[in-house]
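K.L.:
Got a file for you: upload.cif, mmCIF, C-alpha atoms.
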```
data_data
#
loop_
_atom_site.group_PDB
_atom_site.id
_atom_site.type_symbol
_atom_site.label_atom_id
_atom_site.label_comp_id
_atom_site.auth_asym_id
_atom_site.auth_seq_id
_atom_site.Cartn_x
_atom_site.Cartn_y
_atom_site.Cartn_z
ATOM 1 C CA MET A 1 -3.649 -22.211 -18.123
ATOM 2 C CA SER A 2 -6.445 -22.303 -15.578
ATOM 3 C CA GLU A 3 -8.914 -19.435 -15.234
ATOM 4 C CA THR A 4 -7.528 -18.462 -11.803
ATOM 5 C CA ASN A 5 -3.913 -18.417 -13.050
ATOM 6 C CA ALA A 6 -4.643 -16.669 -16.323
ATOM 7 C CA ARG A 7 -3.091 -13.237 -16.807
ATOM 8 C CA ARG A 8 -5.499 -10.539 -17.869
ATOM 9 C CA ARG A 9 -4.342 -8.204 -20.606
ATOM 10 C CA GLY A 10 -4.058 -4.662 -19.366
ATOM 11 C CA ALA A 11 -4.453 -5.611 -15.679
ATOM 12 C CA ILE A 12 -1.876 -4.315 -13.223
ATOM 13 C CA ASP A 13 0.311 -7.344 -12.648
ATOM 14 C CA TYR A 14 3.128 -6.038 -10.437
ATOM 15 C CA ILE A 15 3.915 -2.772 -8.698
ATOM 16 C CA GLU A 16 7.230 -1.421 -7.450
ATOM 17 C CA LEU A 17 7.486 1.273 -4.786
ATOM 18 C CA PRO A 18 10.368 3.324 -3.386
ATOM 19 C CA SER A 19 11.560 2.909 0.193
ATOM 20 C CA ASN A 20 14.441 4.513 2.042
ATOM 21 C CA ASP A 21 14.272 1.699 4.632
ATOM 22 C CA LEU A 22 13.190 -1.784 3.531
ATOM 23 C CA THR A 23 12.989 -3.042 7.123
ATOM 24 C CA LYS A 24 10.488 -0.310 8.023
ATOM 25 C CA SER A 25 8.415 -1.021 4.900
ATOM 26 C CA GLU A 26 8.280 -4.729 5.681
ATOM 27 C CA SER A 27 7.355 -4.185 9.312
ATOM 28 C CA PHE A 28 4.667 -1.599 8.566
ATOM 29 C CA PHE A 29 2.836 -3.508 5.820
ATOM 30 C CA SER A 30 3.142 -6.942 7.423
ATOM 31 C CA GLU A 31 1.514 -5.530 10.585
ATOM 32 C CA LEU A 32 -1.073 -3.372 8.809
ATOM 33 C CA PHE A 33 -2.253 -5.762 6.089
ATOM 34 C CA GLY A 34 -0.526 -9.098 6.760
ATOM 35 C CA TRP A 35 1.607 -8.975 3.620
ATOM 36 C CA THR A 36 4.349 -11.562 3.140
ATOM 37 C CA PHE A 37 7.849 -10.614 2.000
ATOM 38 C CA GLN A 38 10.875 -12.082 0.247
ATOM 39 C CA SER A 39 14.221 -10.278 0.247
ATOM 40 C CA TYR A 40 16.158 -10.579 -3.009
ATOM 41 C CA SER A 41 19.020 -8.254 -2.120
ATOM 42 C CA PRO A 42 19.846 -5.449 0.301
ATOM 43 C CA GLU A 43 18.238 -3.139 -2.262
ATOM 44 C CA TYR A 44 15.051 -5.059 -3.166
ATOM 45 C CA LEU A 45 12.213 -6.558 -1.130
ATOM 46 C CA ALA A 46 9.312 -8.335 -2.861
ATOM 47 C CA PHE A 47 5.845 -8.560 -1.319
ATOM 48 C CA ASN A 48 2.570 -10.371 -1.822
ATOM 49 C CA ASP A 49 -0.672 -8.978 -0.435
ATOM 50 C CA GLY A 50 -2.582 -12.211 -0.988
ATOM 51 C CA HIS A 51 -3.626 -11.124 -4.477
ATOM 52 C CA THR A 52 -1.003 -8.871 -6.069
ATOM 53 C CA ASP A 53 2.781 -9.127 -6.153
ATOM 54 C CA GLY A 54 5.099 -6.177 -5.952
ATOM 55 C CA GLY A 55 8.289 -4.921 -4.443
ATOM 56 C CA PHE A 56 10.079 -2.122 -2.658
ATOM 57 C CA TYR A 57 13.366 -0.820 -4.060
ATOM 58 C CA VAL A 58 15.828 1.347 -2.138
ATOM 59 C CA SER A 59 15.405 5.023 -2.996
ATOM 60 C CA ASP A 60 15.413 8.339 -1.184
ATOM 61 C CA LEU A 61 12.516 9.449 -3.417
ATOM 62 C CA LYS A 62 8.961 9.225 -2.104
ATOM 63 C CA ALA A 63 5.701 8.354 -3.881
ATOM 64 C CA ASN A 64 3.540 11.406 -3.193
ATOM 65 C CA THR A 65 0.659 12.911 -5.165
ATOM 66 C CA GLU A 66 2.036 16.404 -4.604
ATOM 67 C CA ASN A 67 5.035 15.328 -6.711
ATOM 68 C CA GLY A 68 2.815 13.850 -9.427
ATOM 69 C CA SER A 69 3.172 10.233 -8.320
ATOM 70 C CA ALA A 70 0.478 7.659 -8.942
ATOM 71 C CA LEU A 71 -1.620 6.955 -5.852
ATOM 72 C CA VAL A 72 -1.949 3.352 -4.689
ATOM 73 C CA VAL A 73 -5.422 2.903 -3.185
ATOM 74 C CA PHE A 74 -6.213 -0.060 -0.932
ATOM 75 C CA TYR A 75 -9.635 -1.372 0.073
ATOM 76 C CA HIS A 76 -10.694 -2.015 3.675
ATOM 77 C CA GLU A 77 -14.187 -2.313 5.177
ATOM 78 C CA ASP A 78 -13.355 -0.599 8.497
ATOM 79 C CA LEU A 79 -11.713 2.751 7.756
ATOM 80 C CA GLU A 80 -11.891 4.050 11.318
ATOM 81 C CA ASN A 81 -10.051 1.032 12.740
ATOM 82 C CA LEU A 82 -7.474 0.998 9.951
ATOM 83 C CA CYS A 83 -6.850 4.721 10.387
ATOM 84 C CA LYS A 84 -6.024 4.065 14.063
ATOM 85 C CA GLN A 85 -3.756 1.159 13.100
ATOM 86 C CA VAL A 86 -1.820 3.369 10.661
ATOM 87 C CA THR A 87 -1.041 5.898 13.388
ATOM 88 C CA ASN A 88 -0.338 3.197 16.005
ATOM 89 C CA LEU A 89 2.279 1.747 13.638
ATOM 90 C CA GLY A 90 3.911 5.160 13.190
ATOM 91 C CA GLY A 91 2.315 6.222 9.917
ATOM 92 C CA SER A 92 0.724 9.650 9.463
ATOM 93 C CA ILE A 93 -2.766 10.566 8.324
ATOM 94 C CA LYS A 94 -2.450 12.980 5.399
ATOM 95 C CA LYS A 95 -6.187 13.393 4.706
ATOM 96 C CA GLU A 96 -8.780 12.416 7.287
ATOM 97 C CA ILE A 97 -11.691 10.161 6.253
ATOM 98 C CA PHE A 98 -13.878 11.911 3.692
ATOM 99 C CA SER A 99 -16.847 10.941 1.526
ATOM 100 C CA PHE A 100 -16.923 10.792 -2.244
ATOM 101 C CA PRO A 101 -19.514 9.390 -4.670
ATOM 102 C CA GLY A 102 -19.510 5.634 -4.029
ATOM 103 C CA GLY A 103 -17.739 5.543 -0.687
ATOM 104 C CA ARG A 104 -15.280 7.058 1.747
ATOM 105 C CA ARG A 105 -11.495 7.139 2.010
ATOM 106 C CA PHE A 106 -8.447 8.547 3.772
ATOM 107 C CA HIS A 107 -4.839 9.164 2.765
ATOM 108 C CA PHE A 108 -1.772 8.255 4.825
ATOM 109 C CA THR A 109 1.981 8.104 4.628
ATOM 110 C CA ASP A 110 3.969 5.059 5.686
ATOM 111 C CA LEU A 111 7.167 5.072 7.758
ATOM 112 C CA THR A 112 9.254 5.999 4.703
ATOM 113 C CA GLY A 113 7.045 8.902 3.572
ATOM 114 C CA ASN A 114 5.143 7.258 0.711
ATOM 115 C CA GLU A 115 1.517 8.339 0.316
ATOM 116 C CA TYR A 116 -1.320 5.817 -0.017
ATOM 117 C CA ALA A 117 -5.100 5.883 0.283
ATOM 118 C CA VAL A 118 -7.660 3.427 1.628
ATOM 119 C CA TRP A 119 -11.280 3.415 0.507
ATOM 120 C CA SER A 120 -14.435 1.604 1.535
ATOM 121 C CA ASP A 121 -17.963 1.319 0.230
ATOM 122 C CA LYS A 122 -19.193 0.569 3.794
#
```
Take the structure in the file and give it back as structure tokens.
P.N.:
Amino acid sequence: MSETNARRRGAIDYIELPSNDLTKSESFFSELFGWTFQSYSPEYLAFNDGHTDGGFYVSDLKANTENGSALVVFYHEDLENLCKQVTNLGGSIKKEIFSFPGGRRFHFTDLTGNEYAVWSDK
């Protein structure tokens, strides 16, 4: 197995997220980050972000830190521009850009109500 294809023990290898509308999830993340998608059934949509694989499964539940959910945090160099893109695509800003030791970040919800964050060291 080559170094680039080797699996790392303990590394997050795949992530699955709830969505009450797979079409909205696909549209939002393909526009925002350029993710690619593969539908496996009416209830499951796989994605690749260029580095990590994952999927959305149909559920009325929402990933939200207020409910104790894990928070998926993305990286992007231009937080201000990405924040505008989120709202232009119909997402909502949950926490405006704020500083923390090592960088800045903001939280948002997608079109299905899941909460995410984006951070930058720029």
K.L.:
Using all atoms listed in the file, list the residues that have an atom at most 12 Å from (2.2, 11.5, -5.0), coordinates as in the file, as an MDAnalysis selection string.
P.N.:
chainID A and resid 17:18 61:73 94 107:109 113:117
K.L.:
For Asp49 of chain A, which of A:Gly90, A:Gly10, A:Gly103, A:Gly34 is the closest residue, counting all atoms listed in the file?
P.N.:
A:Gly34
K.L.:
Between atom CA of Trp35 of chain A and atom CA of Asn48 of chain A, measure the distance and give it in Å to one decimal.
P.N.:
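One can read the atom CA of Trp35 of chain A to atom CA of Asn48 of chain A distance as 5.7 Å.
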K.L.:
Considering only C-alpha atoms, state which residue in the set A:Phe56, A:Arg9, A:His51, A:Glu77 is at the smallest distance from Thr23 of chain A.
P.N.:
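Smallest separation from Thr23 of chain A among the options: A:Phe56.
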K.L.:
Mind telling me what the PyMOL selection byres ((chain A and resi 59) around 7) catches here, as a PyMOL selection string?
P.N.:
chain A and resi 18-20+57-58+60-61
K.L.:
Which distance in Å separates atom CA of Phe106 of chain A and atom CA of Ser30 of chain A, to one decimal?
P.N.:
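A separation of 19.7 Å between them.
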K.L.:
Could you tell me which of A:Tyr75, A:Glu43, A:Lys84, A:Gly91 comes closest to Arg104 of chain A if we count all atoms listed in the file?
P.N.:
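Smallest distance to Arg104 of chain A is found for A:Tyr75.
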K.L.:
Tell me, as a PDB file with C-alpha atoms, in the coordinates of the input, which residues lie within 10 Å of Ser39 of chain A, counting only C-alpha atoms; anything in the same chain fewer than 2 positions away does not count.
P.N.:
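The result, written out as out-v8.pdb:
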```
ATOM      1  CA  LEU A  22      13.190  -1.784   3.531  1.00  0.00           C
ATOM      2  CA  GLU A  26       8.280  -4.729   5.681  1.00  0.00           C
ATOM      3  CA  PHE A  37       7.849 -10.614   2.000  1.00  0.00           C
ATOM      4  CA  SER A  41      19.020  -8.254  -2.120  1.00  0.00           C
ATOM      5  CA  PRO A  42      19.846  -5.449   0.301  1.00  0.00           C
ATOM      6  CA  GLU A  43      18.238  -3.139  -2.262  1.00  0.00           C
ATOM      7  CA  TYR A  44      15.051  -5.059  -3.166  1.00  0.00           C
ATOM      8  CA  LEU A  45      12.213  -6.558  -1.130  1.00  0.00           C
ATOM      9  CA  ALA A  46       9.312  -8.335  -2.861  1.00  0.00           C
ATOM     10  CA  PHE A  47       5.845  -8.560  -1.319  1.00  0.00           C
ATOM     11  CA  GLY A  55       8.289  -4.921  -4.443  1.00  0.00           C
ATOM     12  CA  PHE A  56      10.079  -2.122  -2.658  1.00  0.00           C
TER      13      PHE A  56
END
```
